[in-house]
Every structure is written in structure tokens, then in C-alpha cells.
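To start, the structure under review is shown below, and the notes come after it.
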Amino acid sequence: MNEYDIYRLWRGMLSKQLSERSKNVLSVYEDDRELYSERMNAAMLLSSAEGKKLLSADISEAEKIAEICDKAGIGFLTRSSAAYPEMLGRIADPVELLFFMGDPSVLSMPSCAVIGSRQADDYSCRLTRKISRELAERGVTVISGFALGIDRAAHTGALDANGQTVAVLGCGLLYDYPKGSVQLRDAIAERGAVITEYLPYQRPEPANFPVRNRMTAALANCVLCTQAGERSGSMNTANLAFSMGKPVFVTPPHDILSGSCDGIITLLRDGAVQVYSADDIIRECIV
């Protein structure tokens with residue numbers, strides 16, 4: 001990275017810590033290097049707590065992260081980047097800094113988020129892989145969360161078709177989670193992108209995943225849920241999509257006596273559309 005990129009990375013890391021009000025105040029400093037050099041004066045424009053965050057944000061940390069990214073082939077986007085997906089800046093908690101492997105242009109292409117249980121049964125995984133393959137064959141980017149179960153079936157289905165897929169992580173790009181997934185991560189990066197808000201080696205803390213889910217919902221044109229319990233991250237993502245006015249689809253619950261389908265039944269009651277193939281989804285919302 002050049003010096004300009006390092007200061008841009010520094011500001012992105014800082015912005016993740018600041019309130020929207022503080023970020024708006026600091027917007028008078030359009031040049032990232034100028035803000036860094038004038039941070040003593042800039043801190044006086046902020047509250048005491050926010051000013052301390054600005055003053056403690058040293059460029060050396062950004063330099064360390066930049067070196068790691070350069071060695072690993074990781075890029076990053078901030079809200080000022082030309083390739084930054086606009087929808088990530090419109091949500092309630094905007095994404096200030098987005099690390100990626102692969103091609104970030106796929107984030108702005110027609111897409112469907114495919115979500116579901118980590119403990120998915122064989123039927124749901126096979127169905128997910130089939131529909132994801134069909135979506136990819138028709139030029140739709142498949143977005144999922146890189147977890148075991150339904151997420152893995154979604155990514156694999158898209159790769160089966162040599163299509164594009166995006167993995168949204170709840171940890172850093174260089175943290176091997178789920179363990180043993182580096183080969184799949186690299187395959188996804190070759191056919192799309194792997195993205196995260198978290199620093200390269202950051203661990204997957206439980207609190208990260210609800211935060212990750214808002215990105216999944218925001219990036220996609222629509223959401224497909226193929227298996228989910230009543231209380232799950234998948235339900236969180238689907239409800240976020242509903243709140244954003246995006247279509248939510250479900251596959252028919254194959255066992256209404258199983259708690260693993262309770263989430264699907266709830267989503268149907270809340271207005272989700274039942275689908276049987278990728279064509280059903282494309283006719284409804286992909287243009």
C-alpha cells in the first residue's frame with residue numbers, strides 16, 4: 001500500500017470507533033493525512049471521550065495492518081472508495097471499513113443471500129446446493145455467511161456452476177474459521193469475494209455474527225432461507241431483510257414436527273414467499 005492508502009486505512013479504523021456525530025464533525029477534514037496531522041485541534045471539536053479515541057489512534061497500527069494485508073493479498077474499502085457498495089452506507093450502523101479477498105465489484109451485482117442452520121439436515125443441504133447452483137448458472141451472485149451447514153452448501157452450489165459467490169465473515173480474513181476452511185475461502189475469492197469488517201486475525205466472537213448479518217441482508221437483492229430454528233441467526237438476517245423492504249423466500253418446510261423448521265413456518269406467517277427453484281426467485285425480484 002502507498003502512503004495515501006495507509007492514511008485511508010487509519011481513518012477507516014478510527015471511524016469504526018466513533019459515533020455518527022463525531023464522524024460528521026470530522027468530515028470537514030476531507031484529506032485523511034490532514035486529519036492525522038491536525039488531530040490535536042480536531043479532538044477539540046469532539047466530546048472528551050471521542051477526542052481521546054482520535055488522539056489514541058496512532059498511524060503505526062494502520063501500518064502494521066497494511067503490511068499484513070499486502071502480504072496476504074487483502075484489499076480494503078472505505079465509504080469514500082469508488083467500489084464501496086452504497087447499500088452498506090445506508091444501513092443504521094454503516095460499514096466504515098471493509099476488508100476483502102477477491103473482486104469487490106461482485107458486491108454490486110444482482111444477488112441472493114442464502115441462509116440457514118449450521119446443523120442442517122441432509123435434505124436441506126442438498127436442496128440449498130441445488131438452488132444455489134441454479135442461481136449462479138443464471139448469473140445471480142450467491143451471498144452467504146461461510147458457516148457450516150446451509151452456508152457451506154450455498155457457497156459450494158455456486159462454485160459447482162463456476163458462478164460467483166460472496167462469503168461474509170464474522171471474523172478476520174486470516175483467522176481459520178470454521179477450522180479447516182482456508183481452501184474453500186480461497187476458492188470463493190477466485191470466483192467472487194470474501195469480505196469482513198474485522199481486522200485480519202480477529203477472532204470470531206459471538207457478538208460478531210449479528211453484526212455480520214446486517215451486511216448479508218443489506219448486500220443482497222433478496223434472501224432465501226432453507227432451514228432455520230425459531231431462534232437463530234438466520235431469523236435475524238431474514239427479519240433485517242424484511243425491515244429493509246427486501247423480499248424473503250423460503251423453501252417448503254419438509255417436517256413441520258421438527259423444531260428445525262419452526263423458523264421457516266414463522267417466516268411464512270410473516271410474509272415470506274414459498275419457492276421451489278431458482279426461477280421462482282428470479283421471477284420475483286432479480287431483474
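Residue numbering restarts at 1 for every chain of the C-alpha cells, chains are lettered A, B, ... in their displayed order, and ligands are numbered from 1 as they appear.
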
Write out as a PDB file with C-alpha atoms, in the first residue's frame the set of residues from stretch 13-72 of chain A that DSSP, computed on the backbone, places in alpha helix (DSSP H).
```pdb
ATOM      1  CA  MET A  13     -10.123   2.046  11.601  1.00  0.00           C
ATOM      2  CA  LEU A  14     -10.791   5.230  13.562  1.00  0.00           C
ATOM      3  CA  SER A  15     -14.280   5.673  12.109  1.00  0.00           C
ATOM      4  CA  GLU A  20     -22.023   9.252  13.722  1.00  0.00           C
ATOM      5  CA  ARG A  21     -21.971  12.743  15.196  1.00  0.00           C
ATOM      6  CA  SER A  22     -18.179  12.664  15.579  1.00  0.00           C
ATOM      7  CA  LYS A  23     -17.721  11.359  12.063  1.00  0.00           C
ATOM      8  CA  ASN A  24     -19.899  14.154  10.736  1.00  0.00           C
ATOM      9  CA  VAL A  25     -17.882  16.746  12.664  1.00  0.00           C
ATOM     10  CA  LEU A  26     -14.610  15.366  11.301  1.00  0.00           C
ATOM     11  CA  ASP A  32      -7.041  11.755   5.737  1.00  0.00           C
ATOM     12  CA  ARG A  33      -3.424  12.813   6.175  1.00  0.00           C
ATOM     13  CA  GLU A  34      -4.510  16.337   7.109  1.00  0.00           C
ATOM     14  CA  LEU A  35      -6.841  14.957   9.778  1.00  0.00           C
ATOM     15  CA  TYR A  36      -3.995  12.923  11.235  1.00  0.00           C
ATOM     16  CA  SER A  37      -1.613  15.858  11.324  1.00  0.00           C
ATOM     17  CA  ARG A  39      -5.768  15.619  15.243  1.00  0.00           C
ATOM     18  CA  MET A  40      -4.850  17.711  18.311  1.00  0.00           C
ATOM     19  CA  ASN A  41      -7.028  20.540  17.020  1.00  0.00           C
ATOM     20  CA  ALA A  42      -9.657  18.164  15.650  1.00  0.00           C
ATOM     21  CA  ALA A  43     -10.033  16.467  19.037  1.00  0.00           C
ATOM     22  CA  SER A  48     -13.790  14.267  25.714  1.00  0.00           C
ATOM     23  CA  ALA A  49     -14.325  10.526  25.216  1.00  0.00           C
ATOM     24  CA  GLU A  50     -14.442  10.781  21.433  1.00  0.00           C
ATOM     25  CA  GLY A  51     -11.427  13.080  21.370  1.00  0.00           C
ATOM     26  CA  LYS A  52      -9.413  10.515  23.315  1.00  0.00           C
ATOM     27  CA  LYS A  53     -10.260   7.898  20.687  1.00  0.00           C
ATOM     28  CA  LEU A  54      -8.946  10.195  17.970  1.00  0.00           C
ATOM     29  CA  LEU A  55      -5.739  11.024  19.834  1.00  0.00           C
ATOM     30  CA  SER A  56      -5.033   7.375  20.701  1.00  0.00           C
ATOM     31  CA  ILE A  59      -0.734   5.542  12.400  1.00  0.00           C
ATOM     32  CA  SER A  60       1.617   2.707  13.415  1.00  0.00           C
ATOM     33  CA  GLU A  61      -1.345   0.359  13.914  1.00  0.00           C
ATOM     34  CA  ALA A  62      -2.581   1.075  10.391  1.00  0.00           C
ATOM     35  CA  GLU A  63       0.929   0.477   9.080  1.00  0.00           C
ATOM     36  CA  LYS A  64       1.005  -2.957  10.748  1.00  0.00           C
ATOM     37  CA  ILE A  65      -2.370  -3.916   9.281  1.00  0.00           C
ATOM     38  CA  ALA A  66      -1.318  -2.614   5.856  1.00  0.00           C
ATOM     39  CA  GLU A  67       1.774  -4.836   5.913  1.00  0.00           C
ATOM     40  CA  ILE A  68      -0.312  -7.889   6.824  1.00  0.00           C
ATOM     41  CA  CYS A  69      -2.800  -7.108   4.057  1.00  0.00           C
ATOM     42  CA  ASP A  70      -0.072  -6.625   1.452  1.00  0.00           C
ATOM     43  CA  LYS A  71       1.480  -9.996   2.270  1.00  0.00           C
ATOM     44  CA  ALA A  72      -1.858 -11.837   2.230  1.00  0.00           C
TER      45      ALA A  72
END
```

_List the spatial neighbours of stretch 195-198 of chain A as a list in words - criterion: any atom at most 7 Å away, only C-alpha atoms, same-chain residues fewer than 6 positions off excluded._
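Neighbouring residues, sequence-local ones excluded: Leu97, Leu98, Phe99, Phe100, Met101, Ala167, Val168, Leu169, Gly170, Cys171, Gly172 and Leu173 of chain A.
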
*Residues at most 10 Å from A:Asp279, counting only C-alpha atoms, excluding those fewer than 4 positions away in the same chain, as a PyMOL selection string?*
chain A and resi 131+134-135+138+275+283-284+286

*Of the candidates A:Leu240, A:Ala113, A:Ala147, A:Leu127, which shows the shortest atom-to-atom distance to A:Asn221, using only C-alpha atoms?*
A:Ala113

_For stretch 152-160 of chain A, find every residue with an atom within 6 Å (counting only C-alpha atoms), except residues of its own chain fewer than 4 positions away, and show them as a PyMOL selection string._
chain A and resi 125+128-129+132-133+136+146+148

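For stretch 175-186 of chain A, the set of protein, DNA and RNA residues having any atom at most 7 Å away, when counting only C-alpha atoms and skipping those fewer than 3 positions along the same chain, is Ala147, Cys171, Gly172, Ala189, Glu190, Val194, Pro200, Tyr201, Gln202 and Arg203 of chain A.
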
Mind dumping the selected residues with N, CA and C atoms as a tab-separated table (two decimals), in the first residue's frame?
```tsv
chain	number	residue	atom	x	y	z
A	147	ALA	N	-20.54	-20.21	7.21
A	147	ALA	CA	-20.62	-21.14	8.33
A	147	ALA	C	-20.79	-22.56	7.79
A	171	CYS	N	-15.35	-12.84	11.37
A	171	CYS	CA	-14.01	-12.81	11.94
A	171	CYS	C	-13.06	-12.24	10.88
A	172	GLY	N	-11.77	-12.19	11.20
A	172	GLY	CA	-10.80	-11.70	10.23
A	172	GLY	C	-10.57	-12.68	9.10
A	189	ALA	N	-12.86	-16.67	-3.14
A	189	ALA	CA	-12.17	-15.44	-3.56
A	189	ALA	C	-11.86	-15.46	-5.05
A	190	GLU	N	-11.59	-16.63	-5.60
A	190	GLU	CA	-11.29	-16.74	-7.03
A	190	GLU	C	-12.53	-16.52	-7.88
A	194	VAL	N	-14.50	-12.64	-0.60
A	194	VAL	CA	-14.66	-12.93	0.82
A	194	VAL	C	-14.47	-11.60	1.53
A	200	PRO	N	-7.54	-8.55	10.10
A	200	PRO	CA	-7.18	-9.85	9.51
A	200	PRO	C	-7.14	-11.04	10.45
A	201	TYR	N	-6.62	-10.90	11.66
A	201	TYR	CA	-6.51	-12.04	12.57
A	201	TYR	C	-7.52	-12.00	13.70
A	202	GLN	N	-8.56	-11.18	13.58
A	202	GLN	CA	-9.54	-11.04	14.66
A	202	GLN	C	-10.37	-12.31	14.83
A	203	ARG	N	-10.58	-12.71	16.08
A	203	ARG	CA	-11.30	-13.95	16.39
A	203	ARG	C	-12.81	-13.81	16.15
```

*asked:* Taking only C-alpha atoms into account, name the residue in A:Thr251, A:Ser260, A:Asn239, A:Asn208 that is nearest to A:Leu224.
replied: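 Looking at the shortest contact to A:Leu224, the residue is A:Thr251.
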
*If you run DSSP on the backbone, which residues of stretch 13-177 of chain A are strand (DSSP E), as an MDAnalysis selection string?*
chainID A and resid 75:78 97:102 111:115 141:144 165:168

Let me see the file: selected residues, C-alpha atoms, as a tab-separated table (two decimals), in the first residue's frame.
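Written file, result.tsv:
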```tsv
chain	number	residue	atom	x	y	z
A	75	GLY	CA	-7.66	-5.20	-0.06
A	76	PHE	CA	-9.93	-2.79	1.76
A	77	LEU	CA	-12.71	-0.33	1.02
A	78	THR	CA	-13.89	2.70	2.97
A	97	LEU	CA	-14.08	-0.37	6.74
A	98	LEU	CA	-14.46	-3.46	4.60
A	99	PHE	CA	-11.60	-5.90	4.05
A	100	PHE	CA	-11.79	-8.24	1.08
A	101	MET	CA	-10.14	-11.00	-0.88
A	102	GLY	CA	-11.21	-11.36	-4.50
A	111	SER	CA	-27.54	-11.26	-5.73
A	112	CYS	CA	-29.45	-13.52	-3.39
A	113	ALA	CA	-28.43	-14.21	0.20
A	114	VAL	CA	-28.89	-17.89	1.02
A	115	ILE	CA	-29.08	-18.58	4.76
A	141	THR	CA	-24.32	-13.91	-7.09
A	142	VAL	CA	-24.91	-16.15	-4.07
A	143	ILE	CA	-24.15	-14.46	-0.74
A	144	SER	CA	-23.82	-16.42	2.48
A	165	THR	CA	-20.37	-16.20	-4.57
A	166	VAL	CA	-19.62	-13.88	-1.66
A	167	ALA	CA	-18.72	-15.03	1.85
A	168	VAL	CA	-19.44	-12.56	4.66
```

_Separation of atom CA of A:Asp103 from atom CA of A:Ala187 in Å_ =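 Separation between atom CA of A:Ala187 and atom CA of A:Asp103: 12.3 Å.
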
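The shortest atom-to-atom distance to A:Gly233, with only C-alpha atoms taken into account, belongs to A:Asp151 out of A:Asp121, A:Asp151, A:Glu38, A:Asp270.
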
_Would you pick out the contacts of A:Gly229 at 7 Å or less, using only C-alpha atoms, so that residues sharing its chain but fewer than 2 positions from it are not included, and give the list as a PyMOL selection string?_
chain A and resi 231-232+259-263

Just-selected residues, N, CA and C atoms written as a JSON list (two decimals), in the first residue's frame:
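Result file is result_29.json:
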```
[["chain", "number", "residue", "atom", "x", "y", "z"],
["A", 231, "ARG", "N", -35.27, -19.49, 16.98],
["A", 231, "ARG", "CA", -34.30, -18.52, 17.49],
["A", 231, "ARG", "C", -32.95, -18.82, 16.85],
["A", 232, "SER", "N", -32.56, -18.02, 15.90],
["A", 232, "SER", "CA", -31.33, -18.30, 15.16],
["A", 232, "SER", "C", -30.83, -17.05, 14.46],
["A", 259, "GLY", "N", -38.42, -29.08, 15.16],
["A", 259, "GLY", "CA", -38.11, -27.71, 15.56],
["A", 259, "GLY", "C", -37.18, -27.02, 14.58],
["A", 260, "SER", "N", -36.47, -27.80, 13.77],
["A", 260, "SER", "CA", -35.54, -27.21, 12.81],
["A", 260, "SER", "C", -36.26, -26.45, 11.70],
["A", 261, "CYS", "N", -37.57, -26.64, 11.59],
["A", 261, "CYS", "CA", -38.36, -25.94, 10.57],
["A", 261, "CYS", "C", -39.22, -24.82, 11.16],
["A", 262, "ASP", "N", -39.17, -24.61, 12.46],
["A", 262, "ASP", "CA", -40.03, -23.61, 13.08],
["A", 262, "ASP", "C", -39.79, -22.21, 12.52],
["A", 263, "GLY", "N", -38.55, -21.90, 12.23],
["A", 263, "GLY", "CA", -38.24, -20.59, 11.68],
["A", 263, "GLY", "C", -38.85, -20.38, 10.31]]
```

*asked:* Using only C-alpha atoms for the distances, tell me which of A:Asp31, A:Asp280, A:Glu3, A:Glu230 is nearest to A:Thr266.
replied: A:Glu230

*Find the distance between atom CA of A:Ile188 and atom CA of A:Tyr4 and write it in Å to one decimal.*
28.9 Å

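For the residues A:Leu174, A:Val211, A:Ala241, A:Leu46, ranking by smallest atom-to-atom distance to A:Pro94 using only C-alpha atoms places A:Val211 first.
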